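J.: My file is final_30.txt. It has compact mmCIF, C-alpha atoms:
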```txt
# COMPACT_ATOMS: atom_id res chain seq x y z
CA MET A 1 -22.47 81.53 12.43
CA SER A 2 -23.67 84.33 14.73
CA ASN A 3 -21.39 87.22 15.61
CA PRO A 4 -19.90 87.11 19.13
CA LEU A 5 -21.35 89.40 21.78
CA THR A 6 -19.06 92.43 22.06
CA GLU A 7 -18.57 94.87 24.93
CA SER A 8 -20.19 97.57 22.78
CA ASP A 9 -23.27 95.38 22.22
CA LEU A 10 -23.43 94.65 25.93
CA GLN A 11 -23.29 98.28 27.04
CA SER A 12 -25.83 99.36 24.42
CA GLN A 13 -28.33 96.69 25.37
CA LEU A 14 -27.77 97.17 29.11
CA ALA A 15 -28.65 100.84 28.64
CA ARG A 16 -31.89 99.86 26.91
CA LEU A 17 -32.72 97.38 29.66
CA GLY A 18 -32.04 100.07 32.24
CA GLN A 19 -34.53 102.34 30.49
CA LEU A 20 -37.07 99.51 30.54
CA ARG A 21 -36.58 99.00 34.29
CA GLN A 22 -37.01 102.73 34.89
CA ALA A 23 -40.19 102.81 32.82
CA ILE A 24 -41.74 99.97 34.82
CA ALA A 25 -40.69 101.71 38.07
CA GLN A 26 -42.94 104.61 37.09
CA ALA A 27 -45.89 102.44 38.09
CA ILE A 28 -44.41 99.70 40.30
CA VAL A 29 -42.90 100.32 43.74
CA GLY A 30 -40.30 97.77 44.85
CA GLN A 31 -40.67 94.14 43.68
CA GLU A 32 -37.16 94.30 42.17
CA GLU A 33 -36.73 90.52 42.11
CA VAL A 34 -40.13 89.99 40.47
CA VAL A 35 -39.37 92.64 37.85
CA GLU A 36 -35.97 91.07 37.18
CA GLN A 37 -37.52 87.65 36.65
CA LEU A 38 -40.10 89.12 34.26
CA LEU A 39 -37.28 90.71 32.28
CA ILE A 40 -35.47 87.37 32.22
CA GLY A 41 -38.59 85.84 30.70
CA LEU A 42 -38.61 88.64 28.11
CA LEU A 43 -34.93 88.10 27.26
CA VAL A 44 -35.33 84.34 26.89
CA GLY A 45 -38.61 84.59 25.01
CA GLY A 46 -40.35 82.42 27.59
CA HIS A 47 -43.70 82.58 29.32
CA CYS A 48 -44.05 83.51 32.99
CA LEU A 49 -46.60 82.55 35.64
CA LEU A 50 -47.04 85.03 38.49
CA GLU A 51 -48.66 83.76 41.67
CA GLY A 52 -49.81 85.74 44.69
CA VAL A 53 -52.88 86.68 46.65
CA PRO A 54 -55.20 89.30 45.11
CA GLY A 55 -54.23 92.93 45.50
CA LEU A 56 -50.44 92.67 45.17
CA GLY A 57 -50.26 94.36 41.77
CA LYS A 58 -49.65 91.32 39.53
CA THR A 59 -51.92 92.62 36.79
CA LEU A 60 -50.54 96.16 37.11
CA LEU A 61 -47.00 94.82 36.78
CA VAL A 62 -47.71 92.94 33.56
CA ARG A 63 -49.73 95.83 32.14
CA SER A 64 -46.87 98.22 32.93
CA LEU A 65 -44.44 95.96 31.06
CA GLY A 66 -46.85 95.92 28.12
CA GLN A 67 -47.05 99.72 28.13
CA ALA A 68 -43.24 100.06 28.23
CA LEU A 69 -42.84 97.78 25.20
CA GLU A 70 -43.92 99.07 21.81
CA LEU A 71 -45.75 95.80 21.20
CA GLN A 72 -49.35 94.79 20.75
CA PHE A 73 -50.81 93.98 24.16
CA ARG A 74 -54.04 92.11 24.97
CA ARG A 75 -55.58 91.16 28.31
CA VAL A 76 -57.98 88.27 28.83
CA GLN A 77 -59.80 87.93 32.14
CA PHE A 78 -60.17 84.19 32.74
CA THR A 79 -63.53 83.28 34.26
CA PRO A 80 -65.39 79.97 34.82
CA ASP A 81 -67.59 80.54 31.74
CA LEU A 82 -64.76 81.48 29.33
CA MET A 83 -64.66 79.29 26.21
CA PRO A 84 -61.61 78.31 24.07
CA SER A 85 -62.99 80.31 21.14
CA ASP A 86 -62.97 83.43 23.34
CA ILE A 87 -59.17 83.12 23.35
CA LEU A 88 -58.25 81.54 20.02
CA GLY A 89 -60.91 82.99 17.74
CA THR A 90 -63.74 81.54 15.70
CA GLU A 91 -65.04 81.17 12.16
CA LEU A 92 -67.67 83.57 10.91
CA LEU A 93 -70.09 82.74 8.08
CA GLU A 94 -70.00 85.51 5.49
CA GLU A 95 -72.01 86.00 2.32
CA ASP A 96 -70.90 87.70 -0.88
CA HIS A 97 -73.92 89.86 -1.69
CA GLY A 98 -72.95 90.00 -5.36
CA THR A 99 -72.80 86.24 -5.96
CA GLY A 100 -74.72 84.93 -2.96
CA HIS A 101 -71.78 82.64 -2.22
CA ARG A 102 -71.22 81.87 1.45
CA HIS A 103 -67.87 81.13 3.03
CA PHE A 104 -66.25 80.89 6.45
CA ARG A 105 -63.68 83.46 7.54
CA PHE A 106 -61.44 82.96 10.58
CA GLN A 107 -61.73 85.80 13.07
CA PRO A 108 -58.57 85.83 15.22
CA GLY A 109 -59.00 85.98 18.98
CA PRO A 110 -56.99 87.95 21.55
CA VAL A 111 -54.17 85.36 21.53
CA PHE A 112 -53.02 86.92 18.24
CA THR A 113 -50.86 89.54 19.92
CA ASN A 114 -47.28 90.04 21.10
CA LEU A 115 -47.93 90.13 24.82
CA LEU A 116 -50.92 88.27 26.23
CA LEU A 117 -51.91 88.85 29.83
CA ALA A 118 -53.84 85.77 30.94
CA ASP A 119 -55.32 87.22 34.12
CA GLU A 120 -56.33 84.74 36.84
CA LEU A 121 -55.62 81.80 34.55
CA ASN A 122 -56.64 79.26 37.17
CA ARG A 123 -60.16 80.70 37.49
CA THR A 124 -61.18 78.91 34.29
CA PRO A 125 -61.74 75.14 33.84
CA PRO A 126 -59.00 72.90 32.37
CA LYS A 127 -60.66 72.71 28.93
CA THR A 128 -60.21 76.45 28.44
CA GLN A 129 -56.77 76.50 30.06
CA ALA A 130 -55.65 73.89 27.53
CA ALA A 131 -56.58 76.21 24.65
CA LEU A 132 -53.23 77.95 25.20
CA LEU A 133 -51.08 74.81 24.96
CA GLU A 134 -50.30 74.97 21.24
CA ALA A 135 -49.91 78.74 21.25
CA MET A 136 -47.40 78.62 24.10
CA GLN A 137 -45.31 75.81 22.64
CA GLU A 138 -45.55 76.16 18.87
CA ARG A 139 -46.49 79.85 18.57
CA THR A 140 -49.34 78.79 16.30
CA VAL A 141 -53.11 78.28 16.52
CA SER A 142 -54.83 75.44 14.64
CA TYR A 143 -58.49 75.92 13.82
CA ALA A 144 -60.64 73.89 11.43
CA GLY A 145 -57.59 72.18 9.97
CA VAL A 146 -55.71 75.41 9.26
CA THR A 147 -52.62 76.52 11.19
CA HIS A 148 -52.27 80.24 11.87
CA ALA A 149 -48.90 81.70 12.95
CA LEU A 150 -48.76 84.05 15.92
CA PRO A 151 -46.78 87.30 15.68
CA ALA A 152 -43.18 87.48 16.92
CA PRO A 153 -42.27 88.06 19.63
CA PHE A 154 -45.04 86.29 21.53
CA PHE A 155 -45.27 85.96 25.31
CA VAL A 156 -47.90 84.73 27.72
CA LEU A 157 -47.66 86.38 31.12
CA ALA A 158 -50.24 84.68 33.30
CA THR A 159 -51.37 85.44 36.84
CA GLN A 160 -52.92 82.97 39.21
CA ASN A 161 -54.27 83.05 42.73
CA PRO A 162 -53.07 80.49 45.30
CA LEU A 163 -54.83 77.15 44.82
CA GLU A 164 -56.14 77.24 48.37
CA GLN A 165 -58.54 80.01 47.37
CA ALA A 166 -62.13 79.17 46.42
CA GLY A 167 -63.02 78.93 42.73
CA THR A 168 -59.60 77.92 41.41
CA TYR A 169 -58.61 75.00 39.17
CA PRO A 170 -55.11 73.47 39.18
CA LEU A 171 -53.21 74.05 35.93
CA PRO A 172 -52.42 70.85 33.98
CA GLU A 173 -48.82 69.64 34.36
CA ALA A 174 -48.28 69.91 30.59
CA GLN A 175 -49.25 73.57 30.70
CA LEU A 176 -47.16 74.34 33.78
CA ASP A 177 -44.11 72.90 31.99
CA ARG A 178 -44.54 75.46 29.23
CA PHE A 179 -43.88 78.34 31.62
CA LEU A 180 -40.23 79.31 31.77
CA LEU A 181 -40.60 80.76 35.28
CA HIS A 182 -43.06 80.45 38.14
CA ILE A 183 -42.71 83.81 39.92
CA ARG A 184 -43.90 84.27 43.49
CA VAL A 185 -45.26 87.74 44.31
CA ASP A 186 -45.14 88.43 48.06
CA TYR A 187 -46.38 91.25 50.26
CA PRO A 188 -44.32 94.47 50.03
CA SER A 189 -42.09 95.70 52.84
CA GLU A 190 -43.42 98.39 55.17
CA ARG A 191 -41.41 101.09 53.36
CA GLU A 192 -42.63 99.88 49.96
CA GLU A 193 -46.24 99.73 51.16
CA HIS A 194 -45.96 103.30 52.45
CA ASP A 195 -44.66 104.43 49.06
CA ILE A 196 -47.43 102.53 47.25
CA LEU A 197 -50.07 104.34 49.30
CA ALA A 198 -48.46 107.71 48.66
CA GLN A 199 -48.07 107.08 44.91
CA THR A 200 -51.54 105.67 44.22
CA THR A 201 -53.76 107.98 46.29
CA GLY A 202 -52.61 111.36 44.98
CA SER A 203 -54.00 113.48 42.19
CA ARG A 204 -51.27 112.61 39.67
CA GLY A 205 -51.30 109.21 38.02
CA SER A 206 -48.21 107.33 36.88
CA GLU A 207 -47.63 107.06 33.15
CA VAL A 208 -45.38 104.35 31.73
CA PRO A 209 -43.44 105.53 28.66
CA GLN A 210 -42.77 103.28 25.68
CA VAL A 211 -39.04 102.58 25.52
CA MET A 212 -38.52 99.42 23.43
CA HIS A 213 -40.01 97.94 20.27
CA GLY A 214 -40.30 94.44 18.93
CA GLU A 215 -37.11 94.36 16.85
CA GLU A 216 -35.07 95.34 19.91
CA VAL A 217 -36.68 92.57 21.95
CA LEU A 218 -35.78 90.01 19.26
CA LYS A 219 -32.19 91.31 19.16
CA LEU A 220 -31.90 90.98 22.93
CA GLN A 221 -33.14 87.40 22.73
CA SER A 222 -30.43 86.56 20.22
CA LEU A 223 -27.77 88.25 22.40
CA VAL A 224 -28.74 86.10 25.39
CA ARG A 225 -27.72 82.97 23.52
CA GLU A 226 -24.25 84.44 22.99
CA VAL A 227 -23.63 84.63 26.75
CA HIS A 228 -21.13 81.97 27.87
CA LEU A 229 -22.05 79.17 30.27
CA GLY A 230 -19.15 76.88 31.17
CA GLU A 231 -19.15 73.11 30.74
CA ASP A 232 -18.88 72.64 34.52
CA LEU A 233 -22.07 74.64 35.07
CA LEU A 234 -23.84 72.85 32.23
CA ALA A 235 -22.95 69.52 33.85
CA TRP A 236 -24.17 70.82 37.22
CA ILE A 237 -27.54 71.87 35.78
CA THR A 238 -27.87 68.43 34.19
CA LYS A 239 -27.20 66.75 37.54
CA LEU A 240 -29.59 69.08 39.41
CA VAL A 241 -32.46 68.35 37.05
CA ARG A 242 -31.82 64.60 37.01
CA ALA A 243 -31.49 64.51 40.81
CA SER A 244 -35.02 65.95 41.10
CA ARG A 245 -36.43 62.64 39.79
CA PRO A 246 -37.10 59.98 42.43
CA GLY A 247 -35.73 57.17 40.25
CA GLU A 248 -32.50 58.94 39.32
CA GLY A 249 -30.73 59.97 42.50
CA GLY A 250 -30.19 59.02 46.08
CA LEU A 251 -31.37 62.25 47.71
CA GLU A 252 -33.70 61.33 50.55
CA ASP A 253 -35.87 64.46 50.25
CA VAL A 254 -36.56 63.66 46.59
CA ARG A 255 -37.45 60.01 47.25
CA LYS A 256 -39.75 60.99 50.09
CA TYR A 257 -41.42 64.16 48.85
CA VAL A 258 -41.44 64.03 45.01
CA ARG A 259 -43.73 61.87 42.88
CA TRP A 260 -42.05 62.91 39.65
CA GLY A 261 -39.38 65.45 38.93
CA ALA A 262 -38.37 67.96 36.30
CA GLY A 263 -37.88 67.01 32.65
CA PRO A 264 -35.29 68.17 30.10
CA ARG A 265 -37.21 71.40 29.46
CA ALA A 266 -36.32 72.47 33.01
CA GLY A 267 -32.63 72.17 32.17
CA GLN A 268 -33.05 74.15 28.96
CA SER A 269 -34.95 76.83 30.85
CA LEU A 270 -32.35 77.05 33.62
CA VAL A 271 -29.49 77.43 31.15
CA LEU A 272 -31.20 80.22 29.20
CA ALA A 273 -32.51 81.97 32.32
CA ALA A 274 -29.02 81.96 33.87
CA LYS A 275 -27.60 83.49 30.68
CA ALA A 276 -30.31 86.17 30.69
CA ARG A 277 -29.63 87.03 34.33
CA ALA A 278 -25.92 87.35 33.57
CA LEU A 279 -26.72 89.80 30.77
CA LEU A 280 -29.00 91.82 33.06
CA HIS A 281 -26.14 92.09 35.54
CA GLY A 282 -23.66 93.22 32.90
CA ARG A 283 -21.74 89.98 32.48
CA LEU A 284 -20.79 88.00 29.39
CA ALA A 285 -20.69 84.70 31.27
CA ALA A 286 -23.20 83.01 33.56
CA THR A 287 -22.10 81.98 37.05
CA ARG A 288 -23.16 79.59 39.80
CA GLU A 289 -24.93 82.54 41.45
CA ASP A 290 -27.22 82.92 38.41
CA ILE A 291 -28.20 79.25 38.58
CA VAL A 292 -28.84 79.33 42.34
CA ALA A 293 -30.98 82.48 42.01
CA LEU A 294 -33.19 80.94 39.32
CA ALA A 295 -33.36 77.26 40.31
CA ALA A 296 -36.59 77.71 42.29
CA PRO A 297 -38.50 79.87 39.75
CA VAL A 298 -37.51 77.45 36.97
CA MET A 299 -38.19 74.18 38.80
CA ARG A 300 -40.88 74.79 41.46
CA HIS A 301 -43.79 74.29 39.05
CA ARG A 302 -42.18 71.24 37.45
CA LEU A 303 -42.05 69.07 40.58
CA LEU A 304 -45.12 67.04 41.52
CA LEU A 305 -44.99 66.54 45.28
CA SER A 306 -46.15 63.48 47.20
CA PHE A 307 -48.78 63.17 49.92
CA ALA A 308 -45.93 62.98 52.43
CA ALA A 309 -44.79 66.46 51.39
CA GLU A 310 -48.29 67.81 51.93
CA ALA A 311 -48.60 66.09 55.30
CA GLU A 312 -45.25 67.46 56.48
CA GLN A 313 -45.83 70.89 54.86
CA LYS A 314 -42.82 70.56 52.57
CA SER A 315 -42.82 72.76 49.49
CA ALA A 316 -41.14 72.41 46.12
CA ASP A 317 -38.80 75.21 47.18
CA ASP A 318 -37.69 73.11 50.17
CA VAL A 319 -36.81 70.22 47.86
CA ILE A 320 -34.94 72.53 45.45
CA ALA A 321 -32.96 74.02 48.33
CA ALA A 322 -31.96 70.48 49.36
CA LEU A 323 -30.89 69.74 45.79
CA LEU A 324 -28.70 72.85 45.67
CA ARG A 325 -27.06 71.85 48.96
CA SER A 326 -26.57 68.18 48.08
CA VAL A 327 -25.61 68.05 44.41
CA PRO A 328 -21.92 68.98 44.17
CA LEU A 329 -20.67 71.39 41.55
CA PRO A 330 -18.78 69.20 39.03
CA THR A 331 -15.30 70.05 37.84
CA ALA A 332 -14.79 70.70 34.14
```
Once you've parsed the file, please lay out its structure as structure tokens.
T.:
Amino acid sequence: MSNPLTESDLQSQLARLGQLRQAIAQAIVGQEEVVEQLLIGLLVGGHCLLEGVPGLGKTLLVRSLGQALELQFRRVQFTPDLMPSDILGTELLEEDHGTGHRHFRFQPGPVFTNLLLADELNRTPPKTQAALLEAMQERTVSYAGVTHALPAPFFVLATQNPLEQAGTYPLPEAQLDRFLLHIRVDYPSEREEHDILAQTTGSRGSEVPQVMHGEEVLKLQSLVREVHLGEDLLAWITKLVRASRPGEGGLEDVRKYVRWGAGPRAGQSLVLAAKARALLHGRLAATREDIVALAAPVMRHRLLLSFAAEAEQKSADDVIAALLRSVPLPTA
């Protein structure tokens, strides 16, 4: 049985998380909500998908997180001609010059790292996108009948451009479901944009210090699971996820705008993400506020909308907002 999370543990780990936030702030101006959601992904041990138009600093944000963590970091630029072997690795034919014997040796690809930045993931065709499926779910890579374990911890932080842009491919539903959070990156405020211009056009560059190593990340992930989430909130999450399915509930917006809803993995993700947010905010118990704050990032990429939603310009976030308003909080 694991030891309970103590106040001493909490304060110690909150201090380390505060140092991590400060390190990222050396390079990133504003975007507090985006940074918080990335840290939630780190605490849960889940993958994150960042979406926004080019030029908003998505790649810089992920690279800054990689620099702040004392972990191995790799970046793959996804392009239309990228092949699965460019990500996973390949077998090389080698010859022993002494015996003349030839054998194949597996050469690991860039996925064999702790933090993988999959930059512009939706610029590459589905065949190459699917190369990450096993790695994201099982933390392994199978090649030529042999299964290779990935290092721990392992995260995929992917960026994508909006699908309306030319040269993009929709991500398969099975791959979308493997992302813990779908994070929207919006334009900065006027004050933040002013500060970005001042910080990035001077003679002094911003350096991100390393403040946390892999063992600390794994300890934080175990602490998250010690955070309490009450039975009433667990029942509410269950009802929210089930109500997102057209055949399960009576919500009109779901019947009209959703072709199929979120699966059980959405509920698991929402529970763990709420616990991680509670820890980030210095609490030992998750609250309704944590669930409301993370319902959209957890569920928006897990709802397949109907043609009616597209015609009426309804988004997944609109449906999730209706769910939060309509599904009552159960009593314990």
J.: For a test of reading the model, state the distance in Å between CA of Arg105 in chain A and CA of Pro151 in chain A, rounded to one decimal.
T.: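 If I compute the distance from CA of Arg105 in chain A to CA of Pro151 in chain A, I get 19.1 Å.
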J.: If we count only C-alpha atoms and set the cut-off at 8 Å, which residues sit around Leu240 in chain A, ignoring sequence neighbours fewer than 5 positions away in its own chain? Please answer as a list in words.
T.: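 Result of the neighbour search: Leu323, Leu324 and Val327 of chain A.
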J.: Keeping only C-alpha atoms, take the residues you just selected and write them out as a tab-separated table (two decimals), keeping the file's coordinate frame.
T.:
```tsv
chain	number	residue	atom	x	y	z
A	323	LEU	CA	-30.89	69.74	45.79
A	324	LEU	CA	-28.70	72.85	45.67
A	327	VAL	CA	-25.61	68.05	44.41
```
J.: To one decimal place, how far is CA of Ala198 in chain A from CA of Asp186 in chain A in Å?
T.: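 A separation of 19.6 Å between them.
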J.: Quick one: distance from CA of Leu42 in chain A to CA of Gln221 in chain A in Å, one decimal?
T.: 7.8 Å
J.: Step by step, gather every atom of range 63-75 of chain A that the file lists, find the box along x, y and z that holds them, add 6 Å on each side, and finally give centre and edge lengths in Å to one decimal, as lines of an AutoDock Vina configuration file.
T.:
```
center_x = -49.2
center_y = 95.6
center_z = 26.8
size_x = 24.7
size_y = 20.9
size_z = 24.2
```
J.: Between A:Leu223, A:Ala235, A:Val208, A:Val319, which one has atoms that come closest to Glu252 in chain A, using only C-alpha atoms?
T.: A:Val319
J.: Show me, as JSON lines, the residues of range 161-245 of chain A having an atom within 10 Å of range 266-276 of chain A, each with the closest atom pair and its distance in Å, using all atoms listed in the file.
T.:
```
{"residue": "A:Asp177", "atom": "CA", "partner": "A:Ala266", "partner_atom": "CA", "distance": 7.9}
{"residue": "A:Arg178", "atom": "CA", "partner": "A:Ala266", "partner_atom": "CA", "distance": 9.5}
{"residue": "A:Phe179", "atom": "CA", "partner": "A:Ser269", "partner_atom": "CA", "distance": 9.1}
{"residue": "A:Leu180", "atom": "CA", "partner": "A:Ser269", "partner_atom": "CA", "distance": 5.9}
{"residue": "A:Leu181", "atom": "CA", "partner": "A:Ser269", "partner_atom": "CA", "distance": 8.2}
{"residue": "A:Leu220", "atom": "CA", "partner": "A:Ala276", "partner_atom": "CA", "distance": 9.3}
{"residue": "A:Gln221", "atom": "CA", "partner": "A:Ala276", "partner_atom": "CA", "distance": 8.5}
{"residue": "A:Leu223", "atom": "CA", "partner": "A:Ala276", "partner_atom": "CA", "distance": 8.9}
{"residue": "A:Val224", "atom": "CA", "partner": "A:Ala276", "partner_atom": "CA", "distance": 5.5}
{"residue": "A:Arg225", "atom": "CA", "partner": "A:Lys275", "partner_atom": "CA", "distance": 7.2}
{"residue": "A:Glu226", "atom": "CA", "partner": "A:Lys275", "partner_atom": "CA", "distance": 8.4}
{"residue": "A:Val227", "atom": "CA", "partner": "A:Lys275", "partner_atom": "CA", "distance": 5.7}
{"residue": "A:His228", "atom": "CA", "partner": "A:Lys275", "partner_atom": "CA", "distance": 7.2}
{"residue": "A:Leu229", "atom": "CA", "partner": "A:Lys275", "partner_atom": "CA", "distance": 7.0}
{"residue": "A:Leu233", "atom": "CA", "partner": "A:Val271", "partner_atom": "CA", "distance": 8.8}
{"residue": "A:Leu234", "atom": "CA", "partner": "A:Val271", "partner_atom": "CA", "distance": 7.4}
{"residue": "A:Trp236", "atom": "CA", "partner": "A:Gly267", "partner_atom": "CA", "distance": 9.9}
{"residue": "A:Ile237", "atom": "CA", "partner": "A:Gly267", "partner_atom": "CA", "distance": 6.2}
{"residue": "A:Thr238", "atom": "CA", "partner": "A:Gly267", "partner_atom": "CA", "distance": 6.4}
{"residue": "A:Lys239", "atom": "CA", "partner": "A:Gly267", "partner_atom": "CA", "distance": 9.4}
{"residue": "A:Leu240", "atom": "CA", "partner": "A:Gly267", "partner_atom": "CA", "distance": 8.4}
{"residue": "A:Val241", "atom": "CA", "partner": "A:Gly267", "partner_atom": "CA", "distance": 6.2}
{"residue": "A:Arg242", "atom": "CA", "partner": "A:Gly267", "partner_atom": "CA", "distance": 9.0}
```
J.: Choose the residue, out of A:Gly247, A:Gly230, A:Gly261, A:Gly18, that has the smallest atom-to-atom separation from Leu329 in chain A; count all atoms listed in the file.
T.: A:Gly230
J.: Find the nearest atom pair between each residue of range 133-174 of chain A and range 297-309 of chain A for residues within 12 Å, count all atoms listed in the file, give distances in Å to one decimal, sort rows by chain and ascending number, and present the table as CSV.
T.:
```
residue,atom,partner,partner_atom,distance
A:Pro170,CA,A:His301,CA,11.4
A:Leu171,CA,A:His301,CA,9.9
A:Pro172,CA,A:His301,CA,10.6
A:Glu173,CA,A:Arg302,CA,7.5
A:Ala174,CA,A:Arg302,CA,9.3
```
J.: Filtering to C-alpha atoms, could you give me those residues as an mmCIF file, keeping the file's coordinate frame?
T.:
```cif
data_model
loop_
_atom_site.group_PDB
_atom_site.id
_atom_site.type_symbol
_atom_site.label_atom_id
_atom_site.label_comp_id
_atom_site.auth_asym_id
_atom_site.auth_seq_id
_atom_site.Cartn_x
_atom_site.Cartn_y
_atom_site.Cartn_z
ATOM 1 C CA PRO A 170 -55.110 73.470 39.180
ATOM 2 C CA LEU A 171 -53.210 74.050 35.930
ATOM 3 C CA PRO A 172 -52.420 70.850 33.980
ATOM 4 C CA GLU A 173 -48.820 69.640 34.360
ATOM 5 C CA ALA A 174 -48.280 69.910 30.590
#
```
J.: From the options A:Val211, A:Leu49, A:Val185, A:Ala131, which residue's atoms come nearest to Gln31 in chain A, counting all atoms listed in the file?
T.: A:Val185
